[in-house]
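**Student:** Supplied in structure tokens, the structure appears directly below.
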Amino acid sequence: MPNLRDIKNRIQAVKNTGKITKAMKMVAAAKLRKAQDAMMRVRPYSNKMRSILTGLSSGVERELHPLLAVRPRRTVEVIVMTGDKGLCGAFNANIIKEASKFVNGLTSEGFTVSLTTIGRKASDYFRRRHIKTRKSWTGLSGKIVYTNAQKVAREVIDAYAAEDIDEVFLVYNEFKSVMMQNVTKVKLLPIEPFEEDGENRAMVTGDFIFEPSEKEILNRLLPKNIEIQIYRALLESQAAEEAARMTAMENATKNTNELVEKLTLQYNKARQAAITTELMDIVGGAEAIKQ
Amino acid sequence: MILEIVTPYGSILSEDVDEVVASGTEGEFGVLPGHVSFVTTLNIGMLIYKKGGRNYYVFINSGYAEVISDNMMVLADSAERSEDIDIERAREAMKRAEERFKKEEDLDFTRSQTALQRAIMRIQVAEKASSR
């Protein structure tokens, strides 16, 4: 039977851990709210951008635009987006698992795969396995700024324009709800044709003044569309990460509480046993004196 | 005429205005109610809108603008109303950009140039509004 002080120390240690996990849960909840807020704010912009591009690109020939042109697939770029920190359940592991599966699939089909990682967890994973990455971005999480998304987008677009890569996929965690994160894979380049989304635009019918030309405008907006997709993914991933962390920390807190209960029971049992033996000693001693 | 300015950080402005002047890539242009449908891209620059005889100034960090049936929509990388501009920060950014030009060792010219442009334009917008 472990002695009393050991159990007491153990209880205190577990309680302290519980306090930390509880605090982390609350921090994650606050961050989640912020991330969700940012997600809501980007929505009007990205919706508008999409509907503009739908209108603009419907009239032009795909071959004329480097970002729209479809090339034979040789080198496929996979962008893996994880968080910079752990302690968020299976959040990072899920992404990496899915990405590895995807990469292996592509390799076995005979394509060359080049990797870009976003977030420390992904870059650590591939570095440990000596898998070369083309580019690693870390430290983008925390306060997510649009200029960072722009940097990532520009780098990818440059590589694409230089024909180093022929297709670009982004693997990230989509924020479904607090309890649900979905590993999602989207194709960034070449840009898929935009589908009409109900909102009827007059642009197709002509009667518009374009300044500069329609093509010029499209050339300027297409990279922006990539930027905004990456920015959105960063925000989604951030929200999903905080949600995952919240759930993980809640479970951890629950576990510490259970453990404390178990240990307290053990402690009480040990205490009682000690008292009983002491009593027996005293009684035994008293009897001895009497005789 | 409704003027709307939207950025990735949210909507900056949505107001009923009398007139708008903005700097497109092909030069400055003005929009009055009843303007023909029009699409253009925007440079780093100043957007001025008039409302009830007063001028308001907005800093625009390159983007896109369209005018459709008395609605003007601006999509910008970022935008700030004159009163929201942190002029001290802009001045510092200007100084930093200028210093980068002086040092000249492996200078990313276009990047430094746009940074400088942004800083100068921010200061201009803020000063224009305060000198009113």
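Ligands are numbered from 1 in the order shown, residues from 1 within each chain, and chains are lettered A, B, ... in the order they appear in the structure tokens.
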Give me, as a ChimeraX atom specification, the residues of chain B touching chain A, with the criterion being at most 12 Å (counting only C-alpha atoms).

**Tutor:** /B:4-12,23-29,35-43,61-69,73-78,111

**Student:** What's the 12 Å shell around Lys187 (chain A), counting only C-alpha atoms, without same-chain residues fewer than 3 positions away, as a list in words?

**Tutor:** Val76, Glu77, Val78, Ile79, Asp166, Glu167, Val168, Phe169, Leu170, Val171, Tyr172, Thr184, Pro190, Ile191, Glu192, Pro193, Ile226, Gln229 and Ile230 of chain A

**Student:** Export, as an mmCIF file, in the first residue's frame, the selected residues with C-alpha atoms.

**Tutor:**
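Below is the file that was written, result06.cif:
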data_model
loop_
_atom_site.group_PDB
_atom_site.id
_atom_site.type_symbol
_atom_site.label_atom_id
_atom_site.label_comp_id
_atom_site.auth_asym_id
_atom_site.auth_seq_id
_atom_site.Cartn_x
_atom_site.Cartn_y
_atom_site.Cartn_z
ATOM 1 C CA VAL A 76 2.154 17.773 -58.294
ATOM 2 C CA GLU A 77 2.550 20.230 -55.479
ATOM 3 C CA VAL A 78 0.914 19.339 -52.176
ATOM 4 C CA ILE A 79 0.564 22.047 -49.567
ATOM 5 C CA ASP A 166 1.823 21.499 -62.832
ATOM 6 C CA GLU A 167 -0.876 21.156 -60.241
ATOM 7 C CA VAL A 168 -1.337 22.427 -56.723
ATOM 8 C CA PHE A 169 -3.388 20.852 -53.965
ATOM 9 C CA LEU A 170 -3.977 22.188 -50.510
ATOM 10 C CA VAL A 171 -4.690 19.832 -47.609
ATOM 11 C CA TYR A 172 -6.113 21.488 -44.530
ATOM 12 C CA THR A 184 -10.201 18.684 -46.837
ATOM 13 C CA PRO A 190 -4.880 25.297 -62.344
ATOM 14 C CA ILE A 191 -7.966 27.229 -61.389
ATOM 15 C CA GLU A 192 -11.079 25.188 -62.006
ATOM 16 C CA PRO A 193 -13.809 26.796 -64.050
ATOM 17 C CA ILE A 226 -5.579 32.032 -54.757
ATOM 18 C CA GLN A 229 -8.397 30.747 -50.732
ATOM 19 C CA ILE A 230 -5.187 30.331 -48.774
#

**Student:** So, counting only C-alpha atoms, which residue among B:Glu80, B:Asn71, B:Ile2, B:Arg96 is closest to Leu47 (chain B)?

**Tutor:**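 Nearest to Leu47 (chain B): B:Glu80.
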
**Student:** Kindly give the distance, in Å, that separates CA of Ala90 (chain B) and CA of Ser14 (chain B), rounded to a single decimal.

**Tutor:**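 About the pair CA of Ala90 (chain B) and CA of Ser14 (chain B): they are 25.1 Å apart.
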
**Student:** Hey, what's within 12 Å of Thr114 (chain B) if we count only C-alpha atoms and toss same-chain stuff fewer than 6 positions away? As a list in words, please?

**Tutor:** Asn43, Ile44, Gly45, Asn61, Ser62, Ala93, Met94, Ala97, Glu98, Phe101, Asp108, Ile120 and Met121 of chain B

**Student:** Within 9 Å of Ile165 (chain A), counting only C-alpha atoms, which residues qualify if same-chain residues fewer than 6 places away don't, as a ChimeraX atom specification?

**Tutor:** /A:73-77,113-114,156,159

**Student:** How would the residues just picked look written out with N, CA and C atoms as a compact mmCIF listing (two decimals), in the first residue's frame?

**Tutor:**
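Saved result, selection-v2.txt, follows:
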# COMPACT_ATOMS: atom_id res chain seq x y z
N ARG A 73 -0.10 16.60 -66.34
CA ARG A 73 0.32 16.51 -64.95
C ARG A 73 1.61 15.73 -64.83
N ARG A 74 2.66 16.40 -64.38
CA ARG A 74 3.91 15.69 -64.11
C ARG A 74 4.29 15.86 -62.64
N THR A 75 4.51 17.11 -62.28
CA THR A 75 4.86 17.37 -60.89
C THR A 75 3.65 17.94 -60.17
N VAL A 76 3.31 17.31 -59.06
CA VAL A 76 2.15 17.77 -58.29
C VAL A 76 2.64 18.36 -56.98
N GLU A 77 2.18 19.56 -56.72
CA GLU A 77 2.55 20.23 -55.48
C GLU A 77 1.46 19.95 -54.45
N VAL A 113 6.15 14.38 -56.75
CA VAL A 113 5.44 15.19 -55.78
C VAL A 113 6.41 16.18 -55.15
N SER A 114 5.99 17.42 -55.08
CA SER A 114 6.80 18.37 -54.34
C SER A 114 5.94 18.90 -53.21
N VAL A 156 3.78 30.13 -54.56
CA VAL A 156 3.23 28.99 -55.30
C VAL A 156 2.95 29.38 -56.75
N ALA A 159 6.12 29.50 -58.78
CA ALA A 159 6.60 28.16 -59.12
C ALA A 159 5.74 27.56 -60.22

**Student:** Could you tell me how far CA of Met179 (chain A) sits from CA of Ala93 (chain A), in Å to one decimal place?

**Tutor:**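 Between CA of Ala93 (chain A) and CA of Met179 (chain A) the gap is 16.5 Å.
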
**Student:** Taking the chain letters and numbering used in this document, name the residues of chain B that DSSP puts in strand (DSSP E), as a ChimeraX atom specification.

**Tutor:** /B:2-7,10-16,19-24,27-31,38-42,45-51,54-68,71-81

**Student:** Could you turn the residues from that selection into a file that holds C-alpha atoms, as a CSV table (one decimal), in the first residue's frame?

**Tutor:**
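Below you can see selection.csv, which holds the result:
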chain,number,residue,atom,x,y,z
B,2,ILE,CA,-24.4,53.1,-52.6
B,3,LEU,CA,-20.7,52.8,-52.0
B,4,GLU,CA,-19.4,49.6,-50.5
B,5,ILE,CA,-15.8,48.9,-49.6
B,6,VAL,CA,-14.9,45.3,-48.7
B,7,THR,CA,-11.6,43.8,-47.6
B,10,GLY,CA,-14.4,42.8,-43.3
B,11,SER,CA,-16.5,45.5,-44.7
B,12,ILE,CA,-15.0,49.0,-44.2
B,13,LEU,CA,-17.8,51.1,-45.5
B,14,SER,CA,-21.3,50.8,-46.8
B,15,GLU,CA,-22.9,54.1,-47.3
B,16,ASP,CA,-25.2,56.2,-49.5
B,19,GLU,CA,-20.0,61.2,-55.6
B,20,VAL,CA,-16.9,59.1,-55.6
B,21,VAL,CA,-13.4,59.8,-56.9
B,22,ALA,CA,-10.9,57.0,-57.0
B,23,SER,CA,-7.5,56.2,-58.6
B,24,GLY,CA,-7.7,53.4,-61.0
B,27,GLY,CA,-5.9,57.1,-63.9
B,28,GLU,CA,-8.3,58.8,-61.6
B,29,PHE,CA,-12.0,58.5,-62.3
B,30,GLY,CA,-15.1,60.0,-60.8
B,31,VAL,CA,-18.4,58.3,-60.4
B,38,PHE,CA,-17.9,50.0,-65.3
B,39,VAL,CA,-15.1,47.7,-64.1
B,40,THR,CA,-11.6,48.6,-63.2
B,41,THR,CA,-8.6,47.8,-61.1
B,42,LEU,CA,-7.3,50.1,-58.4
B,45,GLY,CA,-4.4,55.4,-53.6
B,46,MET,CA,-7.0,57.7,-52.2
B,47,LEU,CA,-10.7,57.3,-52.5
B,48,ILE,CA,-12.7,60.4,-51.9
B,49,TYR,CA,-16.4,60.3,-51.5
B,50,LYS,CA,-18.8,63.2,-51.1
B,51,LYS,CA,-21.8,63.1,-48.9
B,54,ARG,CA,-18.6,67.0,-47.1
B,55,ASN,CA,-15.6,65.1,-48.4
B,56,TYR,CA,-14.5,61.9,-46.8
B,57,TYR,CA,-11.1,60.2,-47.5
B,58,VAL,CA,-10.3,56.5,-47.6
B,59,PHE,CA,-6.9,54.9,-48.1
B,60,ILE,CA,-7.1,52.0,-50.6
B,61,ASN,CA,-4.4,49.4,-50.9
B,62,SER,CA,-4.9,48.2,-54.5
B,63,GLY,CA,-7.9,46.3,-55.5
B,64,TYR,CA,-10.9,46.2,-57.8
B,65,ALA,CA,-13.9,48.4,-58.4
B,66,GLU,CA,-17.1,47.9,-60.2
B,67,VAL,CA,-20.1,50.2,-60.8
B,68,ILE,CA,-23.4,48.5,-61.5
B,71,ASN,CA,-23.9,50.6,-56.8
B,72,MET,CA,-20.2,51.0,-56.4
B,73,MET,CA,-18.3,48.0,-55.0
B,74,VAL,CA,-14.7,48.2,-54.1
B,75,LEU,CA,-12.7,45.1,-53.2
B,76,ALA,CA,-9.4,46.1,-51.7
B,77,ASP,CA,-6.4,44.2,-50.1
B,78,SER,CA,-6.9,46.6,-47.3
B,79,ALA,CA,-8.5,49.9,-46.7
B,80,GLU,CA,-8.7,52.5,-44.0
B,81,ARG,CA,-10.9,55.5,-43.4
